[in-house]
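One file, work.txt, is given below (compact mmCIF, C-alpha atoms).
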# COMPACT_ATOMS: atom_id res chain seq x y z
CA MET A 284 9.04 6.72 -12.89
CA LYS A 285 12.43 5.08 -12.63
CA TYR A 286 12.19 1.94 -10.49
CA PHE A 287 14.85 -0.21 -8.84
CA HIS A 288 13.94 -3.34 -6.89
CA GLY A 289 15.67 -6.56 -5.89
CA THR A 290 19.10 -5.04 -6.49
CA THR A 291 21.68 -2.89 -4.70
CA GLN A 292 22.98 -1.60 -8.04
CA PHE A 293 20.89 1.58 -7.98
CA TYR A 294 22.10 5.04 -8.98
CA MET A 295 21.03 8.49 -10.11
CA GLU A 296 22.70 10.26 -12.99
CA GLY A 297 21.94 13.73 -11.65
CA ALA A 298 21.20 15.44 -8.35
CA SER A 299 18.37 14.25 -6.14
CA ALA A 300 16.00 15.18 -3.34
CA ILE A 301 15.64 11.98 -1.28
CA THR A 302 13.36 10.71 1.44
CA LEU A 303 14.19 7.48 3.25
CA GLY A 304 12.12 5.06 5.32
CA LYS A 305 10.26 1.75 5.26
CA PHE A 306 7.16 3.30 3.66
CA ASP A 307 5.05 0.29 4.58
CA GLY A 308 1.58 1.33 3.47
CA VAL A 309 2.58 4.80 2.19
CA HIS A 310 0.28 6.36 4.78
CA ARG A 311 -0.31 10.08 5.32
CA GLY A 312 2.93 10.54 7.24
CA HIS A 313 4.90 8.98 4.37
CA GLN A 314 3.00 11.10 1.86
CA LYS A 315 4.02 14.24 3.76
CA LEU A 316 7.69 13.33 3.20
CA MET A 317 7.08 12.56 -0.46
CA ARG A 318 5.20 15.78 -1.12
CA HIS A 319 8.12 17.69 0.39
CA ILE A 320 10.76 16.15 -1.87
CA LYS A 321 8.43 16.60 -4.84
CA SER A 322 8.24 20.33 -3.99
CA LEU A 323 12.06 20.49 -4.19
CA GLU A 324 12.19 18.93 -7.64
CA THR A 325 13.59 20.98 -10.53
CA GLU A 326 14.82 20.16 -14.00
CA GLU A 327 18.21 19.33 -12.46
CA ILE A 328 17.05 17.74 -9.17
CA LYS A 329 14.81 14.67 -9.20
CA SER A 330 12.69 13.30 -6.34
CA VAL A 331 13.75 9.89 -4.99
CA VAL A 332 11.93 7.61 -2.54
CA PHE A 333 14.41 5.20 -0.93
CA ALA A 334 12.45 2.37 0.70
CA LEU A 335 14.41 0.16 3.08
CA ASN A 336 12.20 -2.91 2.94
CA ALA A 337 12.94 -5.62 5.49
CA ARG A 338 9.42 -7.07 4.81
CA THR A 339 9.13 -9.24 7.92
CA GLU A 340 5.35 -8.76 8.32
CA ALA A 341 2.34 -9.15 6.08
CA LEU A 342 2.30 -6.19 3.70
CA ILE A 343 -0.17 -3.31 3.78
CA LEU A 344 0.95 -2.71 0.21
CA THR A 345 2.59 -5.34 -1.99
CA ARG A 346 5.61 -4.31 -4.04
CA GLU A 347 3.45 -3.62 -7.09
CA GLU A 348 0.86 -1.70 -5.06
CA GLN A 349 3.56 0.41 -3.40
CA LYS A 350 5.03 1.22 -6.80
CA ASP A 351 1.64 2.36 -8.13
CA VAL A 352 0.88 4.59 -5.12
CA VAL A 353 4.32 6.25 -5.22
CA GLU A 354 4.14 6.77 -8.98
CA LYS A 355 0.72 8.44 -8.69
CA MET A 356 2.34 11.00 -6.35
CA GLY A 357 4.56 12.10 -9.22
CA ILE A 358 7.84 10.83 -7.75
CA SER A 359 10.66 10.49 -10.28
CA CYS A 360 12.40 7.43 -8.83
CA LEU A 361 11.53 4.65 -6.37
CA ILE A 362 14.35 2.53 -4.97
CA GLU A 363 13.15 -0.55 -3.13
CA CYS A 364 16.39 -1.47 -1.42
CA PRO A 365 16.67 -5.10 -0.28
CA PHE A 366 17.64 -5.43 3.37
CA VAL A 367 20.76 -7.50 2.70
CA PRO A 368 23.94 -7.60 4.86
CA GLU A 369 25.86 -5.27 2.57
CA ILE A 370 23.22 -2.60 3.36
CA SER A 371 22.11 -3.52 6.91
CA GLY A 372 25.72 -3.96 8.03
CA MET A 373 26.93 -0.63 6.64
CA MET A 374 28.00 1.97 9.19
CA PRO A 375 25.77 5.08 8.98
CA GLU A 376 28.54 7.41 7.88
CA THR A 377 29.54 4.96 5.14
CA PHE A 378 25.93 4.69 3.97
CA VAL A 379 25.68 8.47 3.71
CA LYS A 380 28.96 8.81 1.80
CA GLU A 381 28.79 5.81 -0.53
CA ILE A 382 25.03 5.59 -1.14
CA LEU A 383 23.41 8.98 -0.63
CA VAL A 384 26.27 11.16 -1.85
CA ASP A 385 28.38 9.13 -4.29
CA ARG A 386 25.63 7.12 -6.00
CA LEU A 387 22.45 9.15 -5.53
CA HIS A 388 23.99 12.65 -5.53
CA ALA A 389 21.72 13.87 -2.74
CA LYS A 390 21.22 17.63 -2.51
CA TYR A 391 18.22 17.42 -0.17
CA ILE A 392 17.44 14.67 2.34
CA THR A 393 14.05 14.53 4.07
CA VAL A 394 13.32 12.11 6.92
CA GLY A 395 10.88 11.67 9.76
CA SER A 396 11.92 12.62 13.27
CA ASP A 397 12.17 8.93 14.30
CA PHE A 398 14.17 7.74 11.28
CA ARG A 399 16.99 5.25 11.99
CA PHE A 400 19.45 3.66 9.57
CA GLY A 401 22.78 1.88 9.28
CA TYR A 402 24.39 -0.87 11.34
CA ARG A 403 22.29 -1.60 14.45
CA ARG A 404 20.19 1.48 13.59
CA GLN A 405 22.97 3.75 14.85
CA GLY A 406 22.23 6.51 12.35
CA ASP A 407 19.47 9.07 12.88
CA ALA A 408 18.31 12.50 11.79
CA LYS A 409 20.82 14.25 14.05
CA LEU A 410 23.69 12.38 12.39
CA LEU A 411 22.43 13.43 8.97
CA GLU A 412 22.25 17.05 10.13
CA SER A 413 25.82 16.88 11.44
CA LEU A 414 27.07 15.71 8.02
CA GLN A 415 25.16 18.10 5.78
CA GLU A 416 27.78 20.84 5.53
CA ALA A 417 30.70 18.48 4.84
CA CYS A 418 28.71 16.38 2.36
CA GLY A 419 26.97 19.23 0.56
CA PHE A 420 23.33 18.38 1.19
CA GLN A 421 20.49 19.95 3.17
CA VAL A 422 18.51 17.95 5.71
CA ASP A 423 14.83 18.53 6.49
CA VAL A 424 13.40 16.66 9.48
CA MET A 425 9.60 16.37 9.45
CA GLU A 426 7.41 15.82 12.49
CA LYS A 427 4.98 12.90 12.30
CA GLU A 428 1.43 13.41 11.09
CA ARG A 429 -1.28 12.93 13.72
CA LEU A 430 -4.92 11.93 13.77
CA LYS A 431 -6.41 13.60 16.83
CA ASP A 432 -4.18 12.63 19.76
CA ARG A 433 -2.21 9.81 18.12
CA GLU A 434 0.69 9.72 15.67
CA ILE A 435 -0.07 8.11 12.32
CA SER A 436 2.04 5.00 11.84
CA SER A 437 2.01 1.67 10.06
CA THR A 438 1.21 0.06 13.42
CA TYR A 439 -1.89 2.22 13.75
CA VAL A 440 -2.97 1.26 10.21
CA ARG A 441 -2.49 -2.44 10.99
CA GLU A 442 -4.60 -2.11 14.15
CA ALA A 443 -7.44 -0.48 12.22
CA LEU A 444 -7.34 -3.16 9.53
CA ALA A 445 -7.27 -5.98 12.08
CA GLU A 446 -10.50 -4.62 13.57
CA GLY A 447 -12.18 -4.10 10.21
CA LYS A 448 -12.29 -0.32 10.77
CA MET A 449 -12.00 0.59 7.10
CA GLU A 450 -13.05 4.24 7.47
CA LEU A 451 -10.31 4.75 10.08
CA ALA A 452 -7.78 2.94 7.89
CA ALA A 453 -8.71 5.25 5.01
CA GLU A 454 -8.18 8.32 7.21
CA LEU A 455 -4.72 7.07 8.16
CA LEU A 456 -3.74 6.02 4.65
CA GLY A 457 -5.18 9.05 2.91
CA ARG A 458 -7.09 6.67 0.59
CA PRO A 459 -9.21 3.54 0.98
CA PHE A 460 -7.36 0.28 1.64
CA LEU A 461 -6.68 -1.43 -1.68
CA VAL A 462 -6.07 -4.87 -3.14
CA LYS A 463 -4.59 -5.13 -6.62
CA GLY A 464 -4.43 -8.22 -8.77
CA VAL A 465 -5.31 -10.06 -11.96
CA VAL A 466 -8.86 -11.40 -12.30
CA GLN A 467 -8.85 -15.20 -11.96
CA HIS A 468 -11.34 -17.83 -13.07
CA GLY A 469 -13.54 -18.82 -10.14
CA ARG A 470 -16.13 -21.58 -9.80
CA ARG A 471 -18.82 -19.35 -11.39
CA ILE A 472 -21.08 -19.78 -8.37
CA GLY A 473 -22.07 -16.11 -8.46
CA ARG A 474 -23.13 -16.49 -12.08
CA THR A 475 -25.40 -19.42 -11.23
CA LEU A 476 -27.00 -17.22 -8.54
CA GLY A 477 -27.60 -14.45 -11.07
CA MET A 478 -24.84 -12.28 -9.55
CA PRO A 479 -21.55 -12.81 -11.46
CA THR A 480 -18.44 -11.83 -9.54
CA VAL A 481 -14.77 -11.09 -10.24
CA ASN A 482 -12.15 -12.98 -8.27
CA LEU A 483 -8.68 -11.97 -7.10
CA VAL A 484 -6.22 -14.24 -5.31
CA PRO A 485 -3.90 -11.86 -3.43
CA SER A 486 -0.29 -12.66 -2.64
CA GLN A 487 0.17 -14.61 0.59
CA GLU A 488 2.30 -11.65 1.74
CA LYS A 489 -0.67 -9.27 1.50
CA LEU A 490 -2.26 -8.09 4.74
CA LEU A 491 -6.05 -8.33 4.59
CA PRO A 492 -8.78 -7.18 6.98
CA PRO A 493 -11.07 -9.74 8.66
CA ASN A 494 -13.05 -12.13 6.50
CA GLY A 495 -16.41 -10.67 5.62
CA VAL A 496 -18.39 -8.42 3.30
CA TYR A 497 -17.38 -4.84 2.49
CA ALA A 498 -18.73 -1.96 0.43
CA SER A 499 -16.15 -1.47 -2.28
CA LYS A 500 -15.20 0.27 -5.49
CA THR A 501 -13.12 -1.39 -8.18
CA GLU A 502 -10.93 0.50 -10.64
CA ILE A 503 -11.13 -0.94 -14.15
CA ASP A 504 -9.39 0.91 -16.97
CA GLY A 505 -9.51 4.14 -14.96
CA ARG A 506 -13.20 3.83 -14.09
CA LEU A 507 -14.38 3.30 -10.48
CA CYS A 508 -17.22 0.79 -10.27
CA PRO A 509 -19.14 0.43 -6.96
CA GLY A 510 -19.93 -3.01 -5.58
CA ILE A 511 -19.59 -5.34 -2.63
CA THR A 512 -16.57 -7.50 -1.86
CA ASN A 513 -16.29 -10.71 0.12
CA ILE A 514 -12.94 -11.56 1.69
CA GLY A 515 -12.51 -15.13 2.81
CA CYS A 516 -12.76 -18.80 1.85
CA LYS A 517 -16.48 -18.92 0.87
CA PRO A 518 -17.40 -21.64 3.37
CA THR A 519 -20.81 -22.31 1.79
CA ILE A 520 -19.13 -23.72 -1.33
CA GLY A 521 -16.01 -25.02 0.40
CA GLU A 522 -13.12 -23.00 -1.06
CA LYS A 523 -9.71 -23.78 0.50
CA PHE A 524 -7.92 -20.47 -0.17
CA ARG A 525 -8.53 -16.91 0.99
CA GLY A 526 -9.72 -14.79 -1.89
CA VAL A 527 -11.20 -11.40 -2.73
CA GLU A 528 -14.50 -11.75 -4.62
CA THR A 529 -16.42 -8.70 -5.87
CA TYR A 530 -19.89 -8.18 -7.30
CA LEU A 531 -20.05 -4.99 -9.36
CA PHE A 532 -23.39 -3.17 -9.41
CA ASP A 533 -23.21 -1.58 -12.85
CA LEU A 534 -20.82 -3.77 -14.82
CA ASN A 535 -21.17 -7.25 -16.25
CA GLN A 536 -18.38 -8.06 -18.67
CA ASP A 537 -15.59 -10.57 -19.09
CA LEU A 538 -12.65 -9.31 -17.00
CA TYR A 539 -10.60 -12.53 -16.86
CA GLY A 540 -6.89 -11.80 -17.08
CA LYS A 541 -7.38 -8.05 -16.53
CA GLU A 542 -5.48 -6.24 -13.78
CA ILE A 543 -7.83 -4.39 -11.43
CA THR A 544 -7.67 -2.61 -8.07
CA THR A 545 -10.39 -3.02 -5.44
CA PHE A 546 -10.80 -0.39 -2.69
CA LEU A 547 -12.56 -1.41 0.54
CA TYR A 548 -14.72 1.31 2.11
CA GLY A 549 -16.97 -0.08 4.84
CA PHE A 550 -17.44 -3.38 6.68
CA GLU A 551 -20.94 -4.88 6.67
CA ARG A 552 -20.77 -8.34 8.26
CA PRO A 553 -18.40 -11.25 8.96
CA GLU A 554 -18.18 -14.17 6.56
CA GLN A 555 -20.62 -16.96 7.35
CA LYS A 556 -21.69 -20.38 6.10
CA PHE A 557 -25.22 -20.76 4.74
CA SER A 558 -27.32 -23.92 4.73
CA SER A 559 -28.27 -23.58 1.07
CA ARG A 560 -27.59 -21.58 -2.06
CA ASP A 561 -31.05 -20.03 -1.79
CA GLU A 562 -30.10 -18.69 1.64
CA LEU A 563 -26.80 -17.45 0.22
CA ARG A 564 -28.63 -15.73 -2.68
CA ALA A 565 -31.01 -13.98 -0.28
CA GLN A 566 -28.11 -12.72 1.82
CA MET A 567 -26.26 -11.50 -1.25
CA HIS A 568 -29.29 -9.39 -2.17
CA ARG A 569 -29.20 -7.89 1.35
CA ASP A 570 -25.45 -7.26 0.93
CA ILE A 571 -26.08 -5.48 -2.36
CA SER A 572 -28.69 -3.27 -0.71
CA PHE A 573 -26.18 -2.44 2.02
CA GLY A 574 -23.53 -1.50 -0.53
CA LYS A 575 -25.83 0.72 -2.57
CA GLU A 576 -27.10 2.45 0.55
CA TYR A 577 -23.53 2.92 1.82
CA PHE A 578 -22.51 4.83 -1.31
CA ARG A 579 -25.74 6.83 -1.43
CA GLY A 580 -24.90 7.97 2.10

Would you kindly transcribe this structure into structure tokens?
Amino acid sequence: MKYFHGTTQFYMEGASAITLGKFDGVHRGHQKLMRHIKSLETEEIKSVVFALNARTEALILTREEQKDVVEKMGISCLIECPFVPEISGMMPETFVKEILVDRLHAKYITVGSDFRFGYRRQGDAKLLESLQEACGFQVDVMEKERLKDREISSTYVREALAEGKMELAAELLGRPFLVKGVVQHGRRIGRTLGMPTVNLVPSQEKLLPPNGVYASKTEIDGRLCPGITNIGCKPTIGEKFRGVETYLFDLNQDLYGKEITTFLYGFERPEQKFSSRDELRAQMHRDISFGKEYFRG
């Protein structure tokens, strides 16, 4: 997949089928748009996801996570466009002409029904439709995906995560919530308890659900390994940072320095401080039983 980020010097050499939006989280509504442009792809026309990323909130997906999710959908090009004045201050008609037509050679443009763009968000789907004949592209406007009686949105995903409702978040995202990172050296407390763990320190930009213990699966070299994950500061041993610590049921090997992805499936309990390591060890055994039972179910 071709990938542009941190620059406004993006381009496509040939024709493209483009979808535009923030794509924060790449939830099921975003995936609907991406599947549509992928269906329009030919040898001459390549699929392009144009992500206008203002990034003012904690991120459901970090830049690297977003890239991975989009690439797995088979998209040919991801443009993560920085929200700089030369872009945010561009009049909608100018954006269409200079960016979508002249530089990206758009033949198909797919957007959601609530899409806005250009200076003071003056551009919308209707404007794109009014320009399609003169500019030589076709516009497809997609209605939002729904879960029961509510539209799927990044706001809805954030609400589910804030409440620790991981099954609901997975329904909205079309996959379990994920945290990707490089395994760090911890204080080896789990190893002294007979339960070695792997530790990730996510970016401070990363949105995380409430501190606590979750049933999880961790992808390592293409293999999904079940386990339990603790999110938080490990108050029993006095950590100062918020980390993601996972005990894997069926794997005990040196993973330091390896890039892994942990998927959170179900919330068990909030993080708590224990009076001793023996009490912590006993609770970890109960957490492990919860995790194994969760995946058996």

Given only C-alpha atoms, how would the per-residue table for segment 363-392 of chain A near segment 397-420 of chain A read, listing every residue at most 10 Å away with its closest atom pair and distance in Å to one decimal, sorted by chain and number, as a Markdown table?
| residue | atom | partner | partner_atom | distance |
| --- | --- | --- | --- | --- |
| A:Pro368 | CA | A:Tyr402 | CA | 9.4 |
| A:Glu369 | CA | A:Tyr402 | CA | 9.9 |
| A:Ile370 | CA | A:Gly401 | CA | 7.4 |
| A:Ser371 | CA | A:Tyr402 | CA | 5.6 |
| A:Gly372 | CA | A:Tyr402 | CA | 4.7 |
| A:Met373 | CA | A:Tyr402 | CA | 5.3 |
| A:Met374 | CA | A:Tyr402 | CA | 5.1 |
| A:Pro375 | CA | A:Gly401 | CA | 4.4 |
| A:Glu376 | CA | A:Gly406 | CA | 7.8 |
| A:Thr377 | CA | A:Gly401 | CA | 8.5 |
| A:Phe378 | CA | A:Gly401 | CA | 6.8 |
| A:Val379 | CA | A:Leu411 | CA | 7.9 |
| A:Lys380 | CA | A:Cys418 | CA | 7.6 |
| A:Leu383 | CA | A:Phe420 | CA | 9.6 |
| A:Val384 | CA | A:Cys418 | CA | 7.1 |
| A:Asp385 | CA | A:Cys418 | CA | 9.8 |
| A:His388 | CA | A:Phe420 | CA | 8.9 |
| A:Ala389 | CA | A:Phe420 | CA | 6.2 |
| A:Lys390 | CA | A:Phe420 | CA | 4.3 |
| A:Tyr391 | CA | A:Phe420 | CA | 5.4 |
| A:Ile392 | CA | A:Phe420 | CA | 7.1 |

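Here atom CA of Lys575 of chain A and atom CA of Lys448 of chain A stand 19.0 Å from one another.
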
Quiz prompt | 12 Å contact set for Thr512 of chain A, only C-alpha atoms, chain neighbours under 4 positions out, as an MDAnalysis selection string | solution = chainID A and resid 461:462 480:483 492 494:501 508 517 526:532 544:554 567 570:571 573:574

For the residues in the current selection, export C-alpha atoms as a PDB file, keeping the file's coordinate frame.
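Once written, result02.pdb looks like this:
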ATOM      1  CA  LEU A 461      -6.680  -1.430  -1.680  1.00  0.00           C
ATOM      2  CA  VAL A 462      -6.070  -4.870  -3.140  1.00  0.00           C
ATOM      3  CA  THR A 480     -18.440 -11.830  -9.540  1.00  0.00           C
ATOM      4  CA  VAL A 481     -14.770 -11.090 -10.240  1.00  0.00           C
ATOM      5  CA  ASN A 482     -12.150 -12.980  -8.270  1.00  0.00           C
ATOM      6  CA  LEU A 483      -8.680 -11.970  -7.100  1.00  0.00           C
ATOM      7  CA  PRO A 492      -8.780  -7.180   6.980  1.00  0.00           C
ATOM      8  CA  ASN A 494     -13.050 -12.130   6.500  1.00  0.00           C
ATOM      9  CA  GLY A 495     -16.410 -10.670   5.620  1.00  0.00           C
ATOM     10  CA  VAL A 496     -18.390  -8.420   3.300  1.00  0.00           C
ATOM     11  CA  TYR A 497     -17.380  -4.840   2.490  1.00  0.00           C
ATOM     12  CA  ALA A 498     -18.730  -1.960   0.430  1.00  0.00           C
ATOM     13  CA  SER A 499     -16.150  -1.470  -2.280  1.00  0.00           C
ATOM     14  CA  LYS A 500     -15.200   0.270  -5.490  1.00  0.00           C
ATOM     15  CA  THR A 501     -13.120  -1.390  -8.180  1.00  0.00           C
ATOM     16  CA  CYS A 508     -17.220   0.790 -10.270  1.00  0.00           C
ATOM     17  CA  LYS A 517     -16.480 -18.920   0.870  1.00  0.00           C
ATOM     18  CA  GLY A 526      -9.720 -14.790  -1.890  1.00  0.00           C
ATOM     19  CA  VAL A 527     -11.200 -11.400  -2.730  1.00  0.00           C
ATOM     20  CA  GLU A 528     -14.500 -11.750  -4.620  1.00  0.00           C
ATOM     21  CA  THR A 529     -16.420  -8.700  -5.870  1.00  0.00           C
ATOM     22  CA  TYR A 530     -19.890  -8.180  -7.300  1.00  0.00           C
ATOM     23  CA  LEU A 531     -20.050  -4.990  -9.360  1.00  0.00           C
ATOM     24  CA  PHE A 532     -23.390  -3.170  -9.410  1.00  0.00           C
ATOM     25  CA  THR A 544      -7.670  -2.610  -8.070  1.00  0.00           C
ATOM     26  CA  THR A 545     -10.390  -3.020  -5.440  1.00  0.00           C
ATOM     27  CA  PHE A 546     -10.800  -0.390  -2.690  1.00  0.00           C
ATOM     28  CA  LEU A 547     -12.560  -1.410   0.540  1.00  0.00           C
ATOM     29  CA  TYR A 548     -14.720   1.310   2.110  1.00  0.00           C
ATOM     30  CA  GLY A 549     -16.970  -0.080   4.840  1.00  0.00           C
ATOM     31  CA  PHE A 550     -17.440  -3.380   6.680  1.00  0.00           C
ATOM     32  CA  GLU A 551     -20.940  -4.880   6.670  1.00  0.00           C
ATOM     33  CA  ARG A 552     -20.770  -8.340   8.260  1.00  0.00           C
ATOM     34  CA  PRO A 553     -18.400 -11.250   8.960  1.00  0.00           C
ATOM     35  CA  GLU A 554     -18.180 -14.170   6.560  1.00  0.00           C
ATOM     36  CA  MET A 567     -26.260 -11.500  -1.250  1.00  0.00           C
ATOM     37  CA  ASP A 570     -25.450  -7.260   0.930  1.00  0.00           C
ATOM     38  CA  ILE A 571     -26.080  -5.480  -2.360  1.00  0.00           C
ATOM     39  CA  PHE A 573     -26.180  -2.440   2.020  1.00  0.00           C
ATOM     40  CA  GLY A 574     -23.530  -1.500  -0.530  1.00  0.00           C
TER      41      GLY A 574
END

Quiz item: Counting all atoms listed in the file, what is within 8 Å of Ala445 of chain A, bar same-chain residues fewer than 4 positions away, as a list in words?
Solution: Arg441, Leu491, Pro492 and Pro493 of chain A

Quiz prompt | Sel. within 10 Å of pt (23.0, -0.4, -7.2), counting all atoms listed in the file, output as a ChimeraX atom specification | solution = /A:287-295,362,364,382,386-387

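Distance-wise, atom CA of Val422 of chain A and atom CA of Glu354 of chain A end up 23.4 Å apart.
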
Quiz item: So which residues touch Phe333 of chain A within 9 Å, counting all atoms listed in the file, skipping near sequence neighbours fewer than 6 positions away, as number ranges by chain?
Solution: A: 301-306, 360-364

Practice problem: One decimal, Å: what's the distance from atom CA of Ala452 of chain A over to atom CA of Lys321 of chain A, could you say? | Solution: 24.7 Å

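Of the residues listed (A:Arg579, A:Arg506, A:His310, A:Lys285), A:His310 shows the shortest atom-to-atom separation from Arg429 of chain A; distances use all atoms listed in the file.
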
Practice problem: Write out as a count of residues only the residues lying within 6 Å of Ser396 of chain A, counting all atoms listed in the file and excluding same-chain residues fewer than 2 positions away. | Solution: 4

Practice problem: Between A:Val394, A:Thr325, A:Asp351, A:Val331, single out the one closest to Gly312 of chain A, counting all atoms listed in the file. | Solution: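 The answer is A:Val394, which sits nearest to Gly312 of chain A.
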
Mind working out the centre and edge lengths of an axis-aligned box for segment 366-375 of chain A, all listed atoms inside, 5 Å added to each side, rounded to one decimal in Å and written as lines of an AutoDock Vina configuration file?
center_x = 22.8
center_y = -1.3
center_z = 5.9
size_x = 20.4
size_y = 22.7
size_z = 16.6

Quiz item: So, counting all atoms listed in the file, which residue among A:Tyr286, A:Tyr577, A:Phe366, A:Tyr539 is closest to Lys350 of chain A?
Solution: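 Selected residue with least distance to Lys350 of chain A: A:Tyr286.
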
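For the choices A:Ile514, A:Glu488, A:Glu381, A:Gln555, the atom-to-atom distance to Thr339 of chain A is smallest for A:Glu488 when using all atoms listed in the file.
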